[in-house]
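**Q** Please read through the structure below; I'll follow up with questions.
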Amino acid sequence: MDALTVGVLRSWARVALVELRRARAEIDELNVYPVPDGDTGTNLYLTWEAACEALPEGELTFAEAVQAFGRGALLGARGNSGVITSQLVRACGMRLAENLPRDQEGGPGAFLADPRMNEAAAFADALAFAADAAYGAVAQPVEGTMLTVARAAANAALAAANEGNSLAEVCLAAVAGARLALTKTTEQLDVLRRAGVVDAGGAGLVVILGAMESVLSGRPPGEGTGVPPRLPRLGTGRLEAVGTESDGARAAAEDGGDPAYDGPGGRGDLGADRLGDGGDLGADGLGDGGDLEPGGPAYEVMYLLDAVDDRIGDFRRALAGLGDSVVVVGGDELWNVHVHTDDVGAAIELGIGIGRPHRIRVTHFADLAPHAPIVSRAVVAVAAGEGLAKLFTESGATVVNGGPGRRCSTGELLAAIEQSGAPEILILPNDKDSIAVAEAAATAARQDGRRVAVIRTRAQVQGLAAIAVHDPEQSFDDAVLQMSAAAGQTRQGAVTIAVKDAWTMAGTCRIGDALGVVDGDFALITEDLTAAATGVADRLLGGGGELMTVVRGANASPELVDALVRHVRRNRKDVDVVVYDGGQERYPLLIGVE
């Protein structure tokens with residue numbers, strides 16, 4: 001795509017939500033700064049989910065869409081990373097709305113506010129404006145954080161735009177710059193170096209930017225663009241190659257300083273009439289993190305505050321006297337407040353003094369101190385391939401190997417349940433023939449006093465949909481309902497090759513025929529896998545859908561996957577496609593539609 005429209009914004013929001021949901025557990029594990037409470041991935045996902053839910057259906061102007069999305073992020077911001085993300089989103093959206101004041105139907109380059117800027121330049125300028133907004137709002141910026149990654153992305157985008165690259169190429173350069181900066185965060189903060197990880201908030205930002213690149217380029221995010229990297233994997237994937245495509249972009253990405261750029265309208269003028277009065281995002285930028293260390297503040301206090309804008313400056317200064325990591329962002333008489341303090345009452349009373357605090361949340365850091373983990377609920381998933389096992393593991397599941405030709409046993413499921421040590425167990429059989437085995441394991445586990453439920457997933461893609469919505473903080477019954485609903489709302493299909501002559505629901509097949517499976521039944525017999533795959537996709541999408549998940553098997557050719565993705569993008573522009581490596585045997589492609 002070569003234009004930034006409301007449709008692009010909607011697609012970006014959906015794809016980024018899917019990728020953040022998939023990466024949530026891994027980003028949580030990276031979280032050691034500023035507070036090692038292991039919730040950055042969860043906070044980013046919940047913040048983004050709130051932004052997505054705030055984006056109304058129906059026709060909107062671009063300005064209306066980005067305003068609603070930014071406000072949703074502000075209202076739903078969770079934790080340090082979520083608040084900074086909300087600031088980046090609001091600032092970027094505001095700048096784009098100024099540079100691209102057009103309606104939803106505006107074509108590429110239509111109604112640009114400044115004739116010197118094209119779509120690519122406007123996007124790069126917005127990224128730079130957002131990075132300036134974040135840096136300018138931090139009392140003591142610290143490199144090696146989410147701020148560093150945001151700045152590097154902006155620098156790389158500006159360099160690529162100045163070289164005349166397209167919108168998608170500029171976005172790809174931004175992702176490459178962000179990813180390169182992320183690899184360096186380990187050496188920029190001692191706490192990250194000691195833990196051997198990259199910055200968690202920065203990893204989340206790479207995921208978000210990668211989702212935008214996927215939407216603009218049409219390439220699936222599962223190819224490596226948006227995966228939150230751990231240190232051993234930072235040099236892999238498509239970004240390693242594209243990082244050298246533009247020398248200027250790479251140089252800008254490696255430069256942590258402020259680029260010599262003064263775009264139309266300038267940058268960094270973030271007065272009260274624009275992003276409130278800038279905010280104080282010390283949460284990701286104050287020098288000494290580690291509030292779980294002896295001597296640090298005992299509580300995290302967060303709330304929304306209805307207050308007139310001109311009272312916020314004094315309020316923030318007073319709040320800073322009560323603790324650290326002070327965050328006050330927003331505008332138009334609605335603010336998101338965050339502070340680490342020993343005096344919870346005083347922090348709330350300050351808000352009462354100038355307005356109306358609401359949605360108050362208090363966390364006692366002592367409850368987050370390192371101790372032997374207590375697992376209250378575990379998900380046990382049957383995986384049909386190495387890649388699928390990795391996807392389920394990254395989502396927090398205990399994996400049992402299974403699938404066609406290698407059915408798991410009741411004993412294997414019971415061993416996984418015992419290994420988890422959890423009193424509550426959710427089982428994802430992910431295969432219709434494994435449901436009975438899962439039920440038998442559940443019955444046996446209940447005799448040991450465990451609470452066990454089988455989510456009756458009949459395919460791997462249904463299992464992925466179910467675990468993606470699992471929230472450990474939900475009650476057991478609510479989790480069962482939500483995961484069962486997600487699985488039930490996912491139509492599933494696959495393609496395979498006939499290994500013998502046989503009669504099927506679609507007719508008689510011969511050895512070597514390509515077969516298409518829809519909801520567990522053979523529905524198509526064709527001469528090649530591409531025709532089978534596109535036919536299955538068309539039937540699954542016939543009932544509607546917004547997201548198609550494609551799981552690539554061990555023997556699937558890149559050409560097969562590309563042909564399917566092109567077919568869907570050409571015929572159903574309203575559907576987003578994500579591709580994962582599953583590694584399953586017998587079925588070159590597994591397909592799910594939500």
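Letters A, B, ... mark the chains of the structure tokens in the order given; residue numbers begin at 1 per chain; ligand numbers begin at 1, in order shown.
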DSSP says helix (DSSP H, G or I) for which residues of region 294-325 of chain A? Put them as a list in words?

**A** Asp309, Asp310, Arg311, Ile312, Gly313, Asp314, Phe315, Arg316, Arg317, Ala318, Leu319 and Ala320 of chain A

**Q** Those residues with all heavy atoms, as a CSV table (one decimal), in the first residue's frame please?

**A**
chain,number,residue,atom,x,y,z
A,309,ASP,N,-6.4,21.7,32.3
A,309,ASP,CA,-5.0,21.5,31.9
A,309,ASP,C,-4.1,22.4,32.6
A,309,ASP,O,-2.9,22.0,32.9
A,309,ASP,CB,-5.0,21.8,30.4
A,309,ASP,CG,-5.8,20.7,29.6
A,309,ASP,OD1,-6.4,19.9,30.2
A,309,ASP,OD2,-5.7,20.8,28.3
A,310,ASP,N,-4.5,23.6,33.0
A,310,ASP,CA,-3.5,24.6,33.5
A,310,ASP,C,-3.1,24.3,35.0
A,310,ASP,O,-2.3,24.9,35.5
A,310,ASP,CB,-4.0,26.0,33.4
A,310,ASP,CG,-5.3,26.3,34.1
A,310,ASP,OD1,-5.8,25.4,34.8
A,310,ASP,OD2,-5.9,27.4,33.9
A,311,ARG,N,-3.8,23.3,35.6
A,311,ARG,CA,-3.4,22.9,36.9
A,311,ARG,C,-2.4,21.7,36.9
A,311,ARG,O,-1.8,21.4,38.0
A,311,ARG,CB,-4.6,22.4,37.7
A,311,ARG,CG,-5.8,23.4,37.8
A,311,ARG,CD,-5.4,24.5,38.8
A,311,ARG,NE,-5.1,24.0,40.1
A,311,ARG,CZ,-6.0,23.8,41.1
A,311,ARG,NH1,-7.3,24.0,40.8
A,311,ARG,NH2,-5.6,23.4,42.3
A,312,ILE,N,-2.1,21.1,35.8
A,312,ILE,CA,-1.3,19.9,35.7
A,312,ILE,C,0.2,20.1,36.0
A,312,ILE,O,0.8,19.3,36.7
A,312,ILE,CB,-1.5,19.2,34.4
A,312,ILE,CG1,-2.9,18.8,34.2
A,312,ILE,CG2,-0.5,18.0,34.2
A,312,ILE,CD1,-3.4,17.8,35.2
A,313,GLY,N,0.7,21.3,35.6
A,313,GLY,CA,2.1,21.5,35.9
A,313,GLY,C,2.5,21.5,37.3
A,313,GLY,O,3.4,20.9,37.8
A,314,ASP,N,1.7,22.3,38.1
A,314,ASP,CA,1.9,22.3,39.6
A,314,ASP,C,1.6,20.9,40.2
A,314,ASP,O,2.3,20.5,41.1
A,314,ASP,CB,1.0,23.4,40.2
A,314,ASP,CG,1.4,24.8,39.9
A,314,ASP,OD1,2.6,25.0,39.5
A,314,ASP,OD2,0.6,25.7,40.0
A,315,PHE,N,0.6,20.3,39.7
A,315,PHE,CA,0.2,18.9,40.2
A,315,PHE,C,1.4,18.0,40.0
A,315,PHE,O,1.8,17.2,40.9
A,315,PHE,CB,-1.0,18.4,39.5
A,315,PHE,CG,-1.3,17.0,39.7
A,315,PHE,CD1,-1.8,16.5,40.9
A,315,PHE,CD2,-1.0,16.1,38.7
A,315,PHE,CE1,-2.1,15.2,41.1
A,315,PHE,CE2,-1.3,14.7,38.9
A,315,PHE,CZ,-1.8,14.3,40.1
A,316,ARG,N,2.0,18.0,38.8
A,316,ARG,CA,3.1,17.1,38.6
A,316,ARG,C,4.3,17.4,39.5
A,316,ARG,O,4.9,16.4,40.0
A,316,ARG,CB,3.5,17.2,37.1
A,316,ARG,CG,4.6,16.2,36.7
A,316,ARG,CD,5.1,16.4,35.3
A,316,ARG,NE,4.1,16.1,34.3
A,316,ARG,CZ,3.5,17.1,33.6
A,316,ARG,NH1,3.8,18.3,33.8
A,316,ARG,NH2,2.6,16.8,32.8
A,317,ARG,N,4.6,18.6,39.7
A,317,ARG,CA,5.7,18.9,40.5
A,317,ARG,C,5.5,18.5,42.0
A,317,ARG,O,6.4,18.0,42.6
A,317,ARG,CB,6.0,20.4,40.5
A,317,ARG,CG,6.7,20.9,39.2
A,317,ARG,CD,7.1,22.3,39.2
A,317,ARG,NE,5.9,23.2,39.1
A,317,ARG,CZ,5.5,23.6,37.9
A,317,ARG,NH1,6.0,23.2,36.8
A,317,ARG,NH2,4.4,24.4,37.8
A,318,ALA,N,4.2,18.7,42.4
A,318,ALA,CA,3.9,18.2,43.8
A,318,ALA,C,4.0,16.7,43.8
A,318,ALA,O,4.4,16.1,44.9
A,318,ALA,CB,2.5,18.7,44.1
A,319,LEU,N,3.5,16.0,42.8
A,319,LEU,CA,3.6,14.5,42.8
A,319,LEU,C,5.0,14.0,42.8
A,319,LEU,O,5.3,13.0,43.5
A,319,LEU,CB,2.8,14.0,41.5
A,319,LEU,CG,2.4,12.6,41.5
A,319,LEU,CD1,1.5,12.2,42.6
A,319,LEU,CD2,1.8,12.2,40.2
A,320,ALA,N,5.9,14.7,42.1
A,320,ALA,CA,7.3,14.3,42.1
A,320,ALA,C,7.9,14.4,43.5
A,320,ALA,O,8.9,13.7,43.8
A,320,ALA,CB,8.1,15.2,41.1

**Q** Taking only C-alpha atoms into account, produce a table as JSON lines in which each residue of region 418-516 of chain A with an atom at most 10 Å from an atom of region 2-21 of chain A appears once, together with its shortest atom pair and the distance in Å to one decimal, ordered by chain and rising number.

**A**
{"residue": "A:Ala465", "atom": "CA", "partner": "A:Val18", "partner_atom": "CA", "distance": 9.8}
{"residue": "A:Ile467", "atom": "CA", "partner": "A:Arg21", "partner_atom": "CA", "distance": 9.4}
{"residue": "A:Ala468", "atom": "CA", "partner": "A:Arg21", "partner_atom": "CA", "distance": 6.0}
{"residue": "A:Val469", "atom": "CA", "partner": "A:Arg21", "partner_atom": "CA", "distance": 7.8}
{"residue": "A:His470", "atom": "CA", "partner": "A:Arg21", "partner_atom": "CA", "distance": 9.6}

**Q** Could you jot down the CA of Asp513 (chain A) to CA of Leu590 (chain A) separation for me, Å, one decimal place?

**A**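 Between CA of Asp513 (chain A) and CA of Leu590 (chain A) the gap is 17.3 Å.
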
**Q** With distances taken over only C-alpha atoms, which of A:Ala154, A:Val518, A:Ala25, A:Leu414 is nearest to Pro472 (chain A)?

**A**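 Looking at the shortest contact to Pro472 (chain A), the residue is A:Ala25.
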
**Q** List the neighbours of Thr508 (chain A) out to 12 Å using only C-alpha atoms; skip same-chain residues closer than 5 positions along the sequence, and give me the result as a list in words.

**A**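 My reading of the contact set: Ala498, Lys500, Asp501, Ala502, Trp503, Asp513, Ala514, Leu515, Phe522, Ala523, Leu524, Ile525 and Thr526 of chain A.
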
**Q** Using only C-alpha atoms, determine which residues lie at most 8 Å from His340 (chain A), disregarding the query and same-chain residues fewer than 5 positions distant; provide the list as a list in words.

**A**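 The residues that qualify are Asp291, Pro297, Ala298, Tyr299, Glu300, Val301, Gly323, Asp324, Ser325 and Val326 of chain A.
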
**Q** Need to verify the contact set: Phe392 (chain A), 10 Å, only C-alpha atoms, exclusion of same-chain residues closer than 3 positions in sequence. Can you return it as an MDAnalysis selection string?

**A** chainID A and resid 22 379:383 387:389 395:399 460 463:464 467:468

**Q** Running DSSP on the backbone, which parts of region 431-572 of chain A land in strand (DSSP E), as an MDAnalysis selection string?

**A** chainID A and resid 451:454 491:497 502:504 507:509 514:518 521:526 547:552

**Q** As an exercise, work out the distance from CA of Gly164 (chain A) to CA of Asn118 (chain A) in Å and give it to one decimal place.

**A**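 Separation between CA of Gly164 (chain A) and CA of Asn118 (chain A): 9.5 Å.
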
**Q** Between CA of Val579 (chain A) and CA of Ala466 (chain A), what is the spacing in Å?

**A**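 Answer for the CA of Ala466 (chain A) to CA of Val579 (chain A) separation: 17.1 Å.
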
**Q** Determine, counting only C-alpha atoms, which protein, DNA and RNA residues have an atom within 8 Å of an atom of Met548 (chain A); residues of the same chain fewer than 6 positions away are not included. Present the result as a list of chain:residue names.

**A**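 The residues satisfying every condition are A:Val575, A:Asp576, A:Val577, A:Val578, A:Ile591, A:Gly592, A:Val593, A:Glu594.
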
**Q** Using N, CA, C and O atoms, can you write the selected residues to a file as a tab-separated table (two decimals), in the first residue's frame?

**A**
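result32.tsv, written as the output of this step:
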chain	number	residue	atom	x	y	z
A	575	VAL	N	-9.37	-8.47	4.86
A	575	VAL	CA	-8.88	-9.57	5.70
A	575	VAL	C	-7.37	-9.45	5.88
A	575	VAL	O	-6.62	-9.29	4.91
A	576	ASP	N	-6.92	-9.52	7.13
A	576	ASP	CA	-5.49	-9.54	7.43
A	576	ASP	C	-5.00	-10.98	7.48
A	576	ASP	O	-5.73	-11.89	7.90
A	577	VAL	N	-3.78	-11.19	7.04
A	577	VAL	CA	-3.21	-12.53	6.99
A	577	VAL	C	-1.91	-12.57	7.80
A	577	VAL	O	-1.05	-11.70	7.64
A	578	VAL	N	-1.81	-13.57	8.69
A	578	VAL	CA	-0.56	-13.80	9.41
A	578	VAL	C	-0.10	-15.22	9.11
A	578	VAL	O	-0.92	-16.13	8.97
A	591	ILE	N	-5.06	-23.71	7.95
A	591	ILE	CA	-5.66	-22.39	7.74
A	591	ILE	C	-6.77	-22.17	8.74
A	591	ILE	O	-7.62	-23.05	8.95
A	592	GLY	N	-6.77	-21.01	9.37
A	592	GLY	CA	-7.83	-20.65	10.30
A	592	GLY	C	-8.36	-19.26	9.98
A	592	GLY	O	-7.60	-18.38	9.57
A	593	VAL	N	-9.65	-19.05	10.15
A	593	VAL	CA	-10.28	-17.75	9.91
A	593	VAL	C	-11.06	-17.36	11.14
A	593	VAL	O	-11.91	-18.12	11.62
A	594	GLU	N	-10.76	-16.18	11.67
A	594	GLU	CA	-11.47	-15.64	12.83
A	594	GLU	C	-12.31	-14.45	12.38
A	594	GLU	O	-11.84	-13.62	11.62

**Q** Taking 6 positions as the minimum chain separation for residues in the same chain, which residues sit within 7 Å of Glu333 (chain A) when counting only C-alpha atoms? Answer as a PDB file with C-alpha atoms, in the first residue's frame.

**A**
ATOM      1  CA  ASP A 306     -10.338  14.732  35.218  1.00  0.00           C
ATOM      2  CA  ALA A 307      -8.709  18.124  35.730  1.00  0.00           C
ATOM      3  CA  VAL A 308      -8.241  21.414  33.883  1.00  0.00           C
ATOM      4  CA  ASP A 309      -5.044  21.519  31.883  1.00  0.00           C
TER       5      ASP A 309
END
